[in-house]
>>> print(open('model-v8.tsv').read())   # TSV, C-alpha atoms
chain	number	residue	atom	x	y	z
S	1	MET	CA	15.66	4.25	-19.70
S	2	ASN	CA	14.79	0.66	-20.54
S	3	ALA	CA	12.51	-0.13	-17.61
S	4	LEU	CA	10.31	-2.92	-16.36
S	5	VAL	CA	7.67	-2.61	-13.66
S	6	ALA	CA	7.46	-5.97	-11.87
S	7	TYR	CA	4.96	-6.29	-9.08
S	8	PHE	CA	3.34	-8.67	-6.64
S	9	SER	CA	-0.22	-7.84	-5.66
S	10	ALA	CA	-2.21	-10.03	-3.30
S	11	SER	CA	-5.41	-7.98	-3.32
S	12	GLY	CA	-5.19	-5.79	-6.44
S	13	THR	CA	-4.04	-2.56	-4.77
S	14	THR	CA	-0.40	-2.85	-5.83
S	15	ALA	CA	-1.50	-3.94	-9.33
S	16	LYS	CA	-3.35	-0.64	-9.80
S	17	ALA	CA	-0.30	1.36	-8.69
S	18	ALA	CA	2.02	-0.70	-10.92
S	19	LYS	CA	-0.12	-0.06	-14.00
S	20	VAL	CA	-0.11	3.71	-13.45
S	21	LEU	CA	3.66	3.67	-12.84
S	22	ALA	CA	4.34	1.57	-15.96
S	23	LYS	CA	2.43	4.03	-18.10
S	24	ALA	CA	4.13	7.05	-16.49
S	25	ALA	CA	7.59	5.48	-16.90
S	26	ASP	CA	6.88	4.12	-20.38
S	27	ALA	CA	7.91	0.74	-18.99
S	28	ASP	CA	6.95	-2.86	-19.63
S	29	LEU	CA	4.76	-4.55	-17.02
S	30	TYR	CA	5.12	-7.97	-15.38
S	31	GLU	CA	3.03	-9.50	-12.60
S	32	ILE	CA	4.78	-11.74	-10.06
S	33	LYS	CA	2.26	-14.52	-9.47
S	34	PRO	CA	2.39	-17.19	-6.77
S	35	ALA	CA	2.04	-20.82	-7.88
S	36	ILE	CA	-0.82	-21.04	-5.37
S	37	PRO	CA	-2.84	-17.81	-5.29
S	38	TYR	CA	-3.47	-16.21	-1.90
S	39	THR	CA	-6.99	-16.42	-0.52
S	40	ARG	CA	-8.58	-13.90	1.80
S	41	ALA	CA	-7.96	-16.33	4.71
S	42	ASP	CA	-4.28	-16.62	3.67
S	43	LEU	CA	-3.93	-12.84	4.03
S	44	ASN	CA	-5.44	-12.59	7.51
S	45	TRP	CA	-2.49	-11.08	9.36
S	46	MET	CA	-4.38	-11.33	12.65
S	47	ASP	CA	-4.34	-15.15	12.39
S	48	LYS	CA	-0.87	-16.42	13.35
S	49	GLY	CA	-1.63	-19.62	11.46
S	50	SER	CA	-2.57	-17.92	8.18
S	51	ARG	CA	-0.34	-18.54	5.18
S	52	SER	CA	1.00	-14.98	5.08
S	53	SER	CA	1.73	-14.98	8.82
S	54	VAL	CA	3.57	-18.31	8.62
S	55	GLU	CA	5.60	-17.20	5.59
S	56	MET	CA	6.53	-13.87	7.13
S	57	SER	CA	7.62	-15.44	10.42
S	58	ASP	CA	10.15	-17.60	8.53
S	59	LYS	CA	12.91	-15.52	6.90
S	60	HIS	CA	13.80	-18.52	4.74
S	61	SER	CA	10.29	-18.95	3.35
S	62	ARG	CA	10.25	-18.83	-0.45
S	63	PRO	CA	6.74	-19.30	-1.84
S	64	ALA	CA	6.81	-20.83	-5.33
S	65	LEU	CA	6.21	-18.69	-8.40
S	66	ALA	CA	3.63	-19.51	-11.06
S	67	ASP	CA	6.29	-18.90	-13.74
S	68	THR	CA	9.79	-17.54	-14.31
S	69	ASP	CA	9.10	-15.72	-17.57
S	70	ALA	CA	9.89	-12.16	-16.46
S	71	PRO	CA	11.88	-10.31	-19.15
S	72	ILE	CA	14.65	-9.27	-16.75
S	73	ALA	CA	17.56	-9.64	-19.19
S	74	GLY	CA	16.12	-7.04	-21.55
S	75	HIS	CA	15.85	-4.27	-18.95
S	76	ASP	CA	18.38	-2.13	-17.10
S	77	VAL	CA	16.00	-0.67	-14.53
S	78	ILE	CA	13.39	-2.66	-12.65
S	79	PHE	CA	10.72	-0.94	-10.59
S	80	LEU	CA	9.74	-3.60	-8.07
S	81	GLY	CA	6.41	-3.23	-6.32
S	82	PHE	CA	4.69	-5.06	-3.50
S	83	PRO	CA	2.40	-4.55	-0.52
S	84	ILE	CA	4.18	-4.01	2.79
S	85	TRP	CA	3.79	-7.04	5.04
S	86	TRP	CA	5.24	-6.84	8.54
S	87	TYR	CA	7.27	-3.72	7.56
S	88	VAL	CA	9.05	-5.49	4.68
S	89	ALA	CA	8.35	-7.08	1.30
S	90	PRO	CA	6.46	-10.40	1.24
S	91	THR	CA	8.84	-13.36	0.97
S	92	ILE	CA	7.56	-14.17	-2.53
S	93	VAL	CA	9.48	-11.06	-3.62
S	94	ASN	CA	12.68	-12.77	-2.42
S	95	THR	CA	11.68	-15.84	-4.46
S	96	PHE	CA	11.32	-13.60	-7.52
S	97	LEU	CA	14.67	-11.88	-7.00
S	98	GLU	CA	16.48	-15.19	-6.43
S	99	SER	CA	15.01	-16.63	-9.65
S	100	TYR	CA	16.84	-14.27	-12.03
S	101	ASP	CA	20.25	-12.67	-12.60
S	102	PHE	CA	20.02	-8.98	-11.71
S	103	THR	CA	23.76	-8.30	-11.96
S	104	GLY	CA	24.40	-4.71	-13.01
S	105	LYS	CA	20.74	-3.72	-12.82
S	106	THR	CA	19.11	-1.01	-10.73
S	107	ILE	CA	16.05	-2.05	-8.75
S	108	ILE	CA	13.82	0.74	-7.49
S	109	LEU	CA	11.34	-0.31	-4.85
S	110	PHE	CA	7.78	0.94	-4.60
S	111	ALA	CA	5.07	-0.28	-2.31
S	112	THR	CA	1.53	0.06	-1.14
S	113	SER	CA	0.70	0.06	2.52
S	114	GLY	CA	-2.22	0.59	4.83
S	115	GLY	CA	-0.11	2.35	7.41
S	116	SER	CA	3.65	1.88	7.25
S	117	GLY	CA	6.44	3.06	4.99
S	118	LEU	CA	8.97	1.00	3.04
S	119	GLY	CA	10.53	0.08	6.36
S	120	LYS	CA	13.51	-2.25	6.01
S	121	SER	CA	12.43	-3.60	2.63
S	122	ALA	CA	15.63	-2.68	0.79
S	123	VAL	CA	17.82	-4.12	3.54
S	124	SER	CA	15.82	-7.35	3.69
S	125	LEU	CA	15.95	-7.82	-0.10
S	126	ARG	CA	19.62	-6.99	-0.80
S	127	ALA	CA	20.92	-10.49	0.00
S	128	SER	CA	18.59	-11.87	-2.68
S	129	VAL	CA	20.13	-9.76	-5.46
S	130	PRO	CA	23.95	-9.83	-5.30
S	131	GLY	CA	25.43	-7.62	-7.98
S	132	ALA	CA	22.38	-5.36	-8.28
S	133	ARG	CA	21.81	-1.88	-6.94
S	134	ILE	CA	18.61	-1.79	-4.90
S	135	VAL	CA	17.16	1.52	-3.74
S	136	ASP	CA	14.08	2.71	-1.90
S	137	GLY	CA	11.60	4.44	-4.13
S	138	ARG	CA	8.32	5.50	-2.63
S	139	LEU	CA	4.89	4.49	-1.46
S	140	LEU	CA	2.25	4.61	-4.16
S	141	ASN	CA	-0.94	4.79	-2.13
S	142	GLY	CA	-4.32	6.28	-2.94
S	143	ARG	CA	-5.18	8.20	-6.07
S	144	LEU	CA	-2.05	8.41	-8.21
S	145	ASN	CA	-1.22	11.31	-10.48
S	146	ALA	CA	0.49	10.12	-13.68
S	147	ASP	CA	2.18	13.49	-14.26
S	148	GLU	CA	3.60	13.48	-10.74
S	149	LEU	CA	4.92	9.94	-11.30
S	150	LYS	CA	6.52	11.00	-14.62
S	151	THR	CA	8.27	13.82	-12.80
S	152	TRP	CA	9.46	11.44	-10.07
S	153	VAL	CA	10.75	8.87	-12.59
S	154	SER	CA	12.53	11.48	-14.72
S	155	GLY	CA	14.20	12.90	-11.60
S	156	LEU	CA	15.67	9.57	-10.47
S	157	LYS	CA	19.44	9.48	-10.48
S	158	LEU	CA	20.14	6.22	-12.24
>>> encode(input="model-v8.tsv", output="structure tokens")
Amino acid sequence: MNALVAYFSASGTTAKAAKVLAKAADADLYEIKPAIPYTRADLNWMDKGSRSSVEMSDKHSRPALADTDAPIAGHDVIFLGFPIWWYVAPTIVNTFLESYDFTGKTIILFATSGGSGLGKSAVSLRASVPGARIVDGRLLNGRLNADELKTWVSGLKL
């Protein structure tokens, strides 16, 4: 499997999970970075005026990326990770997906979350990747076991 682990991490939690997964899957690693990094105030979901709240309330929001250098073309399988925001992926993930051609590729979602599952993430991202197969993977919360992740990755039906 020629895999890439691409991830967005606002606070570092998803970054830790992505690094363990990349090692377990023997995959390359790429961080999805916003052009304007998120501050702690931006991430205050209890403030309806915070950046994350405003972005998530607008389905058409597409926060700018810091770069478009992800090596998508050289990979067949992309593990795509993000924190769960409002039961779905943050809209910057849509920006990322819409910035590349994923035709014929398999995208396996993984996420970190303080209390919810993957929710409707796959459904909400599908329109951003026509021609790709997008599937729910799993939550990668807490202490991660590399051997368990290797077993999960090797058992995926790709």
>>> residues_around(input="model-v8.tsv", residues="region 55-65 of chain S", least_positions_apart="3", cutoff="10 Å", atoms="only C-alpha atoms", output="PyMOL selection string")
chain S and resi 32-37+45+48-52+68+85-86+88-96+98-99+124
>>> residues_around(input="model-v8.tsv", residues="Ala22 (chain S)", least_positions_apart="6", cutoff="10 Å", atoms="all atoms listed in the file", output="PyMOL selection string")
chain S and resi 3-6+28-30+79+146+149-150
>>> closest_atom_pairs(input="model-v8.tsv", of="region 11-109 of chain S", to="region 135-144 of chain S", cutoff="9 Å", atoms="all atoms listed in the file", output="Markdown table")
| residue | atom | partner | partner_atom | distance |
| --- | --- | --- | --- | --- |
| S:Thr13 | CA | S:Asn141 | CA | 8.4 |
| S:Thr14 | CA | S:Leu140 | CA | 8.1 |
| S:Ala17 | CA | S:Leu140 | CA | 6.1 |
| S:Ala18 | CA | S:Leu140 | CA | 8.6 |
| S:Val20 | CA | S:Leu144 | CA | 7.3 |
| S:Leu21 | CA | S:Leu144 | CA | 8.7 |
| S:Phe79 | CA | S:Gly137 | CA | 8.5 |
| S:Thr106 | CA | S:Val135 | CA | 7.7 |
| S:Ile107 | CA | S:Val135 | CA | 6.3 |
| S:Ile108 | CA | S:Val135 | CA | 5.1 |
| S:Leu109 | CA | S:Gly137 | CA | 4.8 |
>>> residues_near_point(input="model-v8.tsv", point="(7.3, 10.2, -18.5)", cutoff="9 Å", atoms="only C-alpha atoms", output="ChimeraX atom specification")
/S:23-26,146-147,149-154
>>> residues_around(input="model-v8.tsv", residues="Pro83 (chain S)", least_positions_apart="5", cutoff="6 Å", atoms="only C-alpha atoms", output="PyMOL selection string")
chain S and resi 111-113
>>> atom_distance(input="model-v8.tsv", atom1="CA of Glu148 (chain S)", atom2="CA of Ser116 (chain S)")
21.4 Å
>>> closest_residue(input="model-v8.tsv", among="S:Tyr38, S:Gly74, S:Ala27, S:Lys120", to="Ser53 (chain S)", atoms="all atoms listed in the file")
S:Tyr38
>>> atom_distance(input="model-v8.tsv", atom1="CA of Asp67 (chain S)", atom2="CA of Gly81 (chain S)")
17.3 Å
>>> closest_residue(input="model-v8.tsv", among="S:Asn2, S:Ile72, S:Asp42, S:Phe102", to="Arg126 (chain S)", atoms="only C-alpha atoms")
S:Phe102
